[in-house]
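Text of input_13.cif, listed as mmCIF, C-alpha atoms and all ligand atoms:
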```cif
data_protein
loop_
_atom_site.group_PDB
_atom_site.id
_atom_site.type_symbol
_atom_site.label_atom_id
_atom_site.label_comp_id
_atom_site.auth_asym_id
_atom_site.auth_seq_id
_atom_site.Cartn_x
_atom_site.Cartn_y
_atom_site.Cartn_z
ATOM 1 C CA MET A 1 30.263 6.711 39.514
ATOM 2 C CA GLU A 2 33.577 5.717 37.990
ATOM 3 C CA GLN A 3 33.516 2.493 39.880
ATOM 4 C CA SER A 4 30.147 1.429 38.507
ATOM 5 C CA TYR A 5 31.354 2.116 34.974
ATOM 6 C CA GLN A 6 34.569 0.191 35.550
ATOM 7 C CA LYS A 7 32.399 -2.714 36.704
ATOM 8 C CA LEU A 8 31.353 -3.305 33.100
ATOM 9 C CA ILE A 9 34.914 -3.453 31.783
ATOM 10 C CA ASP A 10 35.923 -5.774 34.616
ATOM 11 C CA GLY A 11 32.822 -7.868 33.974
ATOM 12 C CA ASN A 12 33.737 -8.208 30.318
ATOM 13 C CA LYS A 13 37.231 -9.364 31.194
ATOM 14 C CA ALA A 14 35.831 -12.010 33.515
ATOM 15 C CA TYR A 15 33.321 -13.075 30.834
ATOM 16 C CA ALA A 16 35.905 -13.392 28.053
ATOM 17 C CA GLU A 17 38.335 -15.260 30.273
ATOM 18 C CA SER A 18 35.761 -17.744 31.531
ATOM 19 C CA LYS A 19 34.501 -18.433 27.973
ATOM 20 C CA LEU A 20 38.051 -19.013 26.781
ATOM 21 C CA ALA A 21 38.752 -21.295 29.715
ATOM 22 C CA GLN A 22 35.772 -23.465 28.732
ATOM 23 C CA ASP A 23 36.343 -23.308 24.992
ATOM 24 C CA PRO A 24 39.480 -21.673 23.565
ATOM 25 C CA GLU A 25 37.879 -21.525 20.080
ATOM 26 C CA PHE A 26 34.620 -19.857 21.232
ATOM 27 C CA PHE A 27 35.297 -16.356 19.907
ATOM 28 C CA LYS A 28 37.192 -17.510 16.834
ATOM 29 C CA ARG A 29 34.169 -19.564 15.862
ATOM 30 C CA LEU A 30 31.746 -16.690 16.484
ATOM 31 C CA ALA A 31 33.925 -14.374 14.411
ATOM 32 C CA GLN A 32 33.426 -16.596 11.371
ATOM 33 C CA GLY A 33 29.780 -15.574 11.068
ATOM 34 C CA GLN A 34 26.309 -15.877 12.501
ATOM 35 C CA LYS A 35 23.471 -18.218 11.649
ATOM 36 C CA PRO A 36 20.787 -17.586 14.259
ATOM 37 C CA ASP A 37 17.428 -19.365 13.885
ATOM 38 C CA TYR A 38 15.497 -16.712 15.779
ATOM 39 C CA LEU A 39 14.678 -13.035 15.461
ATOM 40 C CA TRP A 40 13.665 -11.536 18.801
ATOM 41 C CA ILE A 41 11.581 -8.387 18.911
ATOM 42 C CA GLY A 42 11.448 -7.392 22.540
ATOM 43 C CA CYS A 43 11.120 -4.488 24.934
ATOM 44 C CA SER A 44 14.129 -2.295 25.759
ATOM 45 C CA ASP A 45 13.458 -2.967 29.448
ATOM 46 C CA SER A 46 16.722 -3.906 31.191
ATOM 47 C CA ARG A 47 15.016 -6.826 32.910
ATOM 48 C CA VAL A 48 14.259 -8.724 29.694
ATOM 49 C CA PRO A 49 17.614 -9.725 28.147
ATOM 50 C CA ALA A 50 17.029 -12.149 25.260
ATOM 51 C CA ASN A 51 19.932 -14.564 25.755
ATOM 52 C CA GLU A 52 19.871 -14.623 29.513
ATOM 53 C CA ILE A 53 16.200 -15.506 29.975
ATOM 54 C CA THR A 54 16.273 -18.179 27.264
ATOM 55 C CA ASN A 55 19.531 -19.739 28.398
ATOM 56 C CA THR A 56 21.102 -19.197 24.975
ATOM 57 C CA GLU A 57 24.543 -18.143 23.799
ATOM 58 C CA SER A 58 25.985 -15.394 21.646
ATOM 59 C CA GLY A 59 25.167 -16.125 18.012
ATOM 60 C CA GLN A 60 21.818 -17.810 18.610
ATOM 61 C CA ILE A 61 19.337 -14.919 18.584
ATOM 62 C CA PHE A 62 19.191 -11.862 16.306
ATOM 63 C CA VAL A 63 17.752 -9.080 18.431
ATOM 64 C CA HIS A 64 15.700 -5.936 17.932
ATOM 65 C CA ARG A 65 14.400 -4.065 20.947
ATOM 66 C CA ASN A 66 12.308 -0.943 21.383
ATOM 67 C CA ILE A 67 10.012 0.489 24.010
ATOM 68 C CA ALA A 68 7.106 -1.923 24.483
ATOM 69 C CA ASN A 69 8.071 -4.278 21.618
ATOM 70 C CA VAL A 70 6.114 -2.622 18.858
ATOM 71 C CA VAL A 71 6.135 -3.590 15.165
ATOM 72 C CA VAL A 72 5.550 -0.371 13.247
ATOM 73 C CA HIS A 73 5.290 -0.668 9.477
ATOM 74 C CA THR A 74 7.044 2.674 8.884
ATOM 75 C CA ASP A 75 9.932 2.019 11.290
ATOM 76 C CA THR A 76 13.000 1.788 9.036
ATOM 77 C CA ASN A 77 15.063 0.337 11.862
ATOM 78 C CA LEU A 78 12.657 -2.538 12.463
ATOM 79 C CA LEU A 79 12.076 -3.151 8.739
ATOM 80 C CA SER A 80 15.822 -3.293 8.076
ATOM 81 C CA VAL A 81 16.349 -5.759 10.915
ATOM 82 C CA LEU A 82 13.365 -7.830 9.763
ATOM 83 C CA GLU A 83 14.445 -7.968 6.140
ATOM 84 C CA TYR A 84 18.038 -8.783 6.989
ATOM 85 C CA ALA A 85 17.014 -11.513 9.418
ATOM 86 C CA VAL A 86 14.538 -13.133 7.048
ATOM 87 C CA LYS A 87 16.294 -12.667 3.723
ATOM 88 C CA TYR A 88 19.958 -13.163 4.583
ATOM 89 C CA LEU A 89 20.092 -14.909 7.946
ATOM 90 C CA GLN A 90 17.083 -17.056 7.000
ATOM 91 C CA VAL A 91 15.727 -17.145 10.536
ATOM 92 C CA LYS A 92 13.013 -19.758 11.051
ATOM 93 C CA HIS A 93 11.169 -18.083 13.897
ATOM 94 C CA ILE A 94 10.313 -14.485 14.734
ATOM 95 C CA ILE A 95 9.269 -13.926 18.307
ATOM 96 C CA VAL A 96 7.595 -10.805 19.667
ATOM 97 C CA VAL A 97 8.321 -10.756 23.377
ATOM 98 C CA GLY A 98 6.291 -8.539 25.668
ATOM 99 C CA HIS A 99 6.492 -8.576 29.431
ATOM 100 C CA TYR A 100 4.096 -8.022 32.298
ATOM 101 C CA GLY A 101 4.850 -4.868 34.244
ATOM 102 C CA CYS A 102 5.868 -3.034 31.060
ATOM 103 C CA GLY A 103 6.316 0.674 31.742
ATOM 104 C CA GLY A 104 5.456 1.503 28.130
ATOM 105 C CA VAL A 105 2.166 -0.375 28.269
ATOM 106 C CA ASN A 106 1.305 1.155 31.646
ATOM 107 C CA ALA A 107 2.070 4.658 30.375
ATOM 108 C CA ALA A 108 -0.059 4.102 27.271
ATOM 109 C CA MET A 109 -3.042 3.321 29.507
ATOM 110 C CA THR A 110 -2.903 6.758 31.104
ATOM 111 C CA ASN A 111 -3.588 10.278 29.853
ATOM 112 C CA THR A 112 -0.382 11.604 31.346
ATOM 113 C CA TYR A 113 1.935 13.519 29.029
ATOM 114 C CA HIS A 114 5.478 12.064 29.072
ATOM 115 C CA GLY A 115 7.120 13.666 26.061
ATOM 116 C CA TYR A 116 8.176 12.470 22.621
ATOM 117 C CA VAL A 117 7.699 8.869 23.725
ATOM 118 C CA ASP A 118 3.937 9.418 23.746
ATOM 119 C CA ASN A 119 4.050 9.392 19.947
ATOM 120 C CA TRP A 120 5.613 5.940 20.080
ATOM 121 C CA LEU A 121 3.195 4.698 22.753
ATOM 122 C CA ARG A 122 0.366 5.863 20.525
ATOM 123 C CA ASN A 123 0.763 2.464 18.828
ATOM 124 C CA ILE A 124 -0.284 0.819 22.072
ATOM 125 C CA LYS A 125 -3.155 3.233 22.570
ATOM 126 C CA ASP A 126 -4.362 2.054 19.154
ATOM 127 C CA VAL A 127 -4.256 -1.549 20.398
ATOM 128 C CA TYR A 128 -6.271 -0.456 23.437
ATOM 129 C CA HIS A 129 -8.762 1.326 21.212
ATOM 130 C CA GLN A 130 -9.108 -1.778 19.043
ATOM 131 C CA HIS A 131 -9.875 -3.938 22.096
ATOM 132 C CA ALA A 132 -11.549 -1.282 24.270
ATOM 133 C CA GLU A 133 -14.660 -3.329 24.967
ATOM 134 C CA GLU A 134 -12.724 -6.255 26.443
ATOM 135 C CA LEU A 135 -10.236 -4.057 28.310
ATOM 136 C CA ASP A 136 -12.738 -1.614 29.785
ATOM 137 C CA ALA A 137 -14.608 -4.567 31.281
ATOM 138 C CA ILE A 138 -11.571 -5.488 33.409
ATOM 139 C CA GLU A 139 -11.836 -3.513 36.649
ATOM 140 C CA ASP A 140 -8.472 -4.267 38.200
ATOM 141 C CA THR A 141 -5.838 -1.938 36.728
ATOM 142 C CA THR A 142 -3.002 -4.474 36.899
ATOM 143 C CA GLN A 143 -5.098 -7.175 35.258
ATOM 144 C CA ARG A 144 -6.166 -4.719 32.582
ATOM 145 C CA ALA A 145 -2.516 -3.782 31.948
ATOM 146 C CA ASN A 146 -1.592 -7.477 31.784
ATOM 147 C CA ARG A 147 -4.289 -8.135 29.225
ATOM 148 C CA LEU A 148 -3.242 -5.090 27.184
ATOM 149 C CA THR A 149 0.323 -6.439 27.292
ATOM 150 C CA GLU A 150 -0.929 -9.727 25.803
ATOM 151 C CA LEU A 151 -3.131 -8.050 23.211
ATOM 152 C CA ASN A 152 -0.240 -5.781 22.247
ATOM 153 C CA VAL A 153 1.938 -8.821 21.569
ATOM 154 C CA ILE A 154 -0.820 -10.485 19.540
ATOM 155 C CA GLU A 155 -1.342 -7.337 17.437
ATOM 156 C CA GLN A 156 2.403 -6.904 16.884
ATOM 157 C CA VAL A 157 2.622 -10.497 15.643
ATOM 158 C CA ARG A 158 -0.224 -9.657 13.244
ATOM 159 C CA ASN A 159 1.673 -6.534 12.198
ATOM 160 C CA LEU A 160 4.591 -8.759 11.261
ATOM 161 C CA ALA A 161 2.274 -10.951 9.203
ATOM 162 C CA LYS A 162 1.009 -7.849 7.397
ATOM 163 C CA THR A 163 4.480 -6.886 6.149
ATOM 164 C CA THR A 164 5.482 -7.624 2.568
ATOM 165 C CA ILE A 165 8.771 -8.977 3.951
ATOM 166 C CA VAL A 166 7.096 -11.796 5.876
ATOM 167 C CA GLN A 167 4.602 -12.500 3.094
ATOM 168 C CA ARG A 168 7.416 -12.699 0.555
ATOM 169 C CA ALA A 169 9.205 -15.192 2.783
ATOM 170 C CA TRP A 170 6.007 -17.238 3.037
ATOM 171 C CA ALA A 171 5.906 -17.359 -0.774
ATOM 172 C CA GLU A 172 8.873 -19.729 -0.693
ATOM 173 C CA ARG A 173 9.362 -21.218 2.767
ATOM 174 C CA GLU A 174 8.103 -21.695 6.284
ATOM 175 C CA LEU A 175 8.502 -18.866 8.747
ATOM 176 C CA HIS A 176 6.849 -19.029 12.148
ATOM 177 C CA LEU A 177 5.701 -15.950 14.015
ATOM 178 C CA HIS A 178 5.311 -16.259 17.775
ATOM 179 C CA GLY A 179 4.000 -14.061 20.551
ATOM 180 C CA TRP A 180 5.314 -14.427 24.097
ATOM 181 C CA VAL A 181 4.833 -12.602 27.350
ATOM 182 C CA TYR A 182 7.569 -12.812 29.944
ATOM 183 C CA GLY A 183 6.746 -12.635 33.624
ATOM 184 C CA LEU A 184 9.215 -10.282 35.279
ATOM 185 C CA ASP A 185 8.020 -11.500 38.654
ATOM 186 C CA SER A 186 8.081 -15.217 37.836
ATOM 187 C CA GLY A 187 10.907 -15.628 35.334
ATOM 188 C CA PHE A 188 8.683 -17.716 33.065
ATOM 189 C CA ILE A 189 7.505 -17.115 29.509
ATOM 190 C CA LYS A 190 3.865 -17.529 28.448
ATOM 191 C CA ASP A 191 3.450 -18.647 24.825
ATOM 192 C CA LEU A 192 0.470 -16.752 23.399
ATOM 193 C CA SER A 193 0.133 -17.133 19.688
ATOM 194 C CA VAL A 194 1.686 -18.423 16.531
ATOM 195 C CA ILE A 195 1.055 -17.639 12.881
ATOM 196 C CA HIS A 196 2.404 -20.010 10.251
ATOM 197 C CA ASN A 197 1.133 -18.498 7.026
ATOM 198 C CA THR A 198 -0.755 -15.562 5.663
ATOM 199 C CA SER A 199 -4.093 -17.298 5.204
ATOM 200 C CA GLU A 200 -4.601 -17.381 8.949
ATOM 201 C CA ASP A 201 -5.477 -14.703 11.420
ATOM 202 C CA ILE A 202 -4.975 -11.494 9.481
ATOM 203 C CA ASP A 203 -7.729 -9.592 7.714
ATOM 204 C CA PRO A 204 -7.902 -10.185 3.924
ATOM 205 C CA ILE A 205 -7.199 -6.529 3.166
ATOM 206 C CA TYR A 206 -3.623 -7.048 4.407
ATOM 207 C CA ARG A 207 -2.901 -10.085 2.247
ATOM 208 C CA TYR A 208 -0.917 -9.532 -0.931
ATOM 209 C CA THR A 209 -1.311 -11.692 -4.002
ATOM 210 C CA GLN A 210 1.477 -12.679 -6.378
ATOM 211 C CA VAL A 211 4.292 -11.593 -4.079
ATOM 212 C CA THR A 212 7.726 -12.482 -5.372
ATOM 213 C CA PRO A 213 9.899 -14.651 -3.132
ATOM 214 C CA LEU A 214 12.347 -12.673 -1.000
ATOM 215 C CA SER A 215 15.326 -14.621 -2.268
ATOM 216 C CA ALA A 216 14.718 -13.129 -5.722
ATOM 217 C CA ASP A 217 16.216 -9.899 -4.329
ATOM 218 C CA ILE A 218 19.512 -11.380 -3.203
ATOM 219 C CA PRO A 219 22.185 -10.058 -5.546
ATOM 220 C CA SER A 220 24.284 -12.775 -7.145
ATOM 221 C CA LYS A 221 27.955 -12.486 -6.406
HETATM 222 CO CO CO B 1 8.538 -2.976 28.622
#
```

Here is a file; write its structure as structure tokens.
Ligand code: CO
Amino acid sequence: MEQSYQKLIDGNKAYAESKLAQDPEFFKRLAQGQKPDYLWIGCSDSRVPANEITNTESGQIFVHRNIANVVVHTDTNLLSVLEYAVKYLQVKHIIVVGHYGCGGVNAAMTNTYHGYVDNWLRNIKDVYHQHAEELDAIEDTTQRANRLTELNVIEQVRNLAKTTIVQRAWAERELHLHGWVYGLDSGFIKDLSVIHNTSEDIDPIYRYTQVTPLSADIPSK
């Protein structure tokens, strides 16, 4: 037990030393601030680490993760991350990243009681309900789960587009919303959808008129 914990500390030492060997200024530069172009909204699953699977470095991706990569419009954690990323970091792309073989998606397809998490997975049951006709027609359980994984990503991208935060950003600049599904068993990402502005893809009831640009909120120093 102790050994497996110590492994992390030892791993960190090896990491820091190898970075410094390659570039003595690496951490000093990172400490000066971050300017990532991407906000990643992914699953908490340990097999889907944002930087590792995209071959990127510290400082390049701002990350939010939760079970089954859900964008919930009452989630203060997600909304705070989203607003900070869009308003202050000025990210250019927001990417919702699902993955095949997602335990959250699989659980949401069953009627099994798991605990508190079922309230969270309810968001995925709603996606299922919304697309029940298409999903029920898929006989193979794995294929049905894969399709639900994709539809979940697509709906979560739409949920982003429905937020006032994203629409306020669109009032003044470009912000691209992407949906990806990562193949745990292949290592490759499938690019599913992209939304560039509010006039596309989302139902008119979710579109706000006369939104003020987000930058109007930034306090002057
Ligand atoms: Co997952």

Name the residues that the PyMOL selection byres (((not hetatm)) within 12 of (chain B and resi 1)) picks from the file above, as a CSV table (one decimal) with C-alpha atoms, keeping the file's coordinate frame, using the file's chain letters and numbers.
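This is the output file part.csv:
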```
chain,number,residue,atom,x,y,z
A,41,ILE,CA,11.6,-8.4,18.9
A,42,GLY,CA,11.4,-7.4,22.5
A,43,CYS,CA,11.1,-4.5,24.9
A,44,SER,CA,14.1,-2.3,25.8
A,45,ASP,CA,13.5,-3.0,29.4
A,46,SER,CA,16.7,-3.9,31.2
A,47,ARG,CA,15.0,-6.8,32.9
A,48,VAL,CA,14.3,-8.7,29.7
A,49,PRO,CA,17.6,-9.7,28.1
A,65,ARG,CA,14.4,-4.1,20.9
A,66,ASN,CA,12.3,-0.9,21.4
A,67,ILE,CA,10.0,0.5,24.0
A,68,ALA,CA,7.1,-1.9,24.5
A,69,ASN,CA,8.1,-4.3,21.6
A,70,VAL,CA,6.1,-2.6,18.9
A,96,VAL,CA,7.6,-10.8,19.7
A,97,VAL,CA,8.3,-10.8,23.4
A,98,GLY,CA,6.3,-8.5,25.7
A,99,HIS,CA,6.5,-8.6,29.4
A,100,TYR,CA,4.1,-8.0,32.3
A,101,GLY,CA,4.8,-4.9,34.2
A,102,CYS,CA,5.9,-3.0,31.1
A,103,GLY,CA,6.3,0.7,31.7
A,104,GLY,CA,5.5,1.5,28.1
A,105,VAL,CA,2.2,-0.4,28.3
A,106,ASN,CA,1.3,1.2,31.6
A,107,ALA,CA,2.1,4.7,30.4
A,108,ALA,CA,-0.1,4.1,27.3
A,121,LEU,CA,3.2,4.7,22.8
A,124,ILE,CA,-0.3,0.8,22.1
A,145,ALA,CA,-2.5,-3.8,31.9
A,146,ASN,CA,-1.6,-7.5,31.8
A,149,THR,CA,0.3,-6.4,27.3
A,150,GLU,CA,-0.9,-9.7,25.8
A,152,ASN,CA,-0.2,-5.8,22.2
A,153,VAL,CA,1.9,-8.8,21.6
A,181,VAL,CA,4.8,-12.6,27.4
A,182,TYR,CA,7.6,-12.8,29.9
A,183,GLY,CA,6.7,-12.6,33.6
A,184,LEU,CA,9.2,-10.3,35.3
```

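Comparing the minimum interatomic distances between A:Trp180 and each of A:Thr112, A:Asp75, A:Asp126, A:Val157, counting all atoms listed in the file, we find that A:Val157 sits nearest.
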
Any idea what the distance is between atom CA of A:Val91 and atom CA of A:Phe188?
->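 One can read the atom CA of A:Val91 to atom CA of A:Phe188 distance as 23.6 Å.
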
Contacts of stretch 59-162 of chain A with stretch 173-177 of chain A up to 10 Å, shortest pair per row, all atoms listed in the file, as JSON lines:
```
{"residue": "A:Val86", "atom": "CA", "partner": "A:Leu175", "partner_atom": "CA", "distance": 8.5}
{"residue": "A:Gln90", "atom": "CA", "partner": "A:Leu175", "partner_atom": "CA", "distance": 8.9}
{"residue": "A:Val91", "atom": "CA", "partner": "A:Leu175", "partner_atom": "CA", "distance": 7.6}
{"residue": "A:Lys92", "atom": "CA", "partner": "A:Leu175", "partner_atom": "CA", "distance": 5.1}
{"residue": "A:His93", "atom": "CA", "partner": "A:His176", "partner_atom": "CA", "distance": 4.8}
{"residue": "A:Ile94", "atom": "CA", "partner": "A:Leu177", "partner_atom": "CA", "distance": 4.9}
{"residue": "A:Ile95", "atom": "CA", "partner": "A:Leu177", "partner_atom": "CA", "distance": 5.9}
{"residue": "A:Val96", "atom": "CA", "partner": "A:Leu177", "partner_atom": "CA", "distance": 7.9}
{"residue": "A:Val157", "atom": "CA", "partner": "A:Leu177", "partner_atom": "CA", "distance": 6.5}
{"residue": "A:Arg158", "atom": "CA", "partner": "A:Leu177", "partner_atom": "CA", "distance": 8.7}
{"residue": "A:Leu160", "atom": "CA", "partner": "A:Leu177", "partner_atom": "CA", "distance": 7.8}
{"residue": "A:Ala161", "atom": "CA", "partner": "A:Leu177", "partner_atom": "CA", "distance": 7.7}
```

May I ask for the distance between atom CA of A:Ile53 and atom CA of A:Gly187, given in Å to one decimal place?
-> 7.5 Å

With the file shown as input, list the residues that the PyMOL selection byres (((chain A and resi 131) around 12) and not hetatm) selects, as an MDAnalysis selection string.
-> chainID A and resid 124:130 132:138 144 147:152 154:155

Gap from atom CA of A:Tyr38 to atom CA of A:Asn51 - Å, one decimal | 11.1 Å

Dump as a PyMOL selection string all residues having an atom at most 10 Å from (5.6, -20.2, -1.6), computed in the file's coordinates with only C-alpha atoms.
-> chain A and resi 167-174+197+210-213

Starting from the displayed file, determine the output of the PyMOL selection byres (((chain A and resi 19-35) around 12) and not hetatm) and express the residue list as a list in words.
-> Asn12, Lys13, Ala14, Tyr15, Ala16, Glu17, Ser18, Pro36, Asp37, Tyr38, Leu39, Glu57, Ser58, Gly59, Gln60, Ile61, Phe62, Tyr84, Ala85, Val86, Tyr88, Leu89, Gln90, Val91 and Lys92 of chain A

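Compared by their closest atoms to A:Glu83, and using all atoms listed in the file, the residues A:His178, A:Ile205, A:Gln3, A:Thr163 rank with A:Thr163 nearest.
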
Given only C-alpha atoms as the counted atoms, nearest of A:Val63, A:Ala50, A:Ala216, A:Leu192 to A:Gln156 =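 Among A:Val63, A:Ala50, A:Ala216, A:Leu192, it is A:Leu192 that comes nearest to A:Gln156.
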
Counting all atoms listed in the file, which of A:Gly179, A:Ile218, A:Asn119, A:Val71 gets nearest to A:Asp191?
-> A:Gly179

Non-local contacts of A:His73 (9 Å; all atoms listed in the file; under 3 positions in same chain excluded) as a list in words |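 Skipping anything fewer than 3 positions along the chain leaves Thr76, Leu78, Leu79, Asn159, Leu160, Lys162 and Thr163 of chain A.
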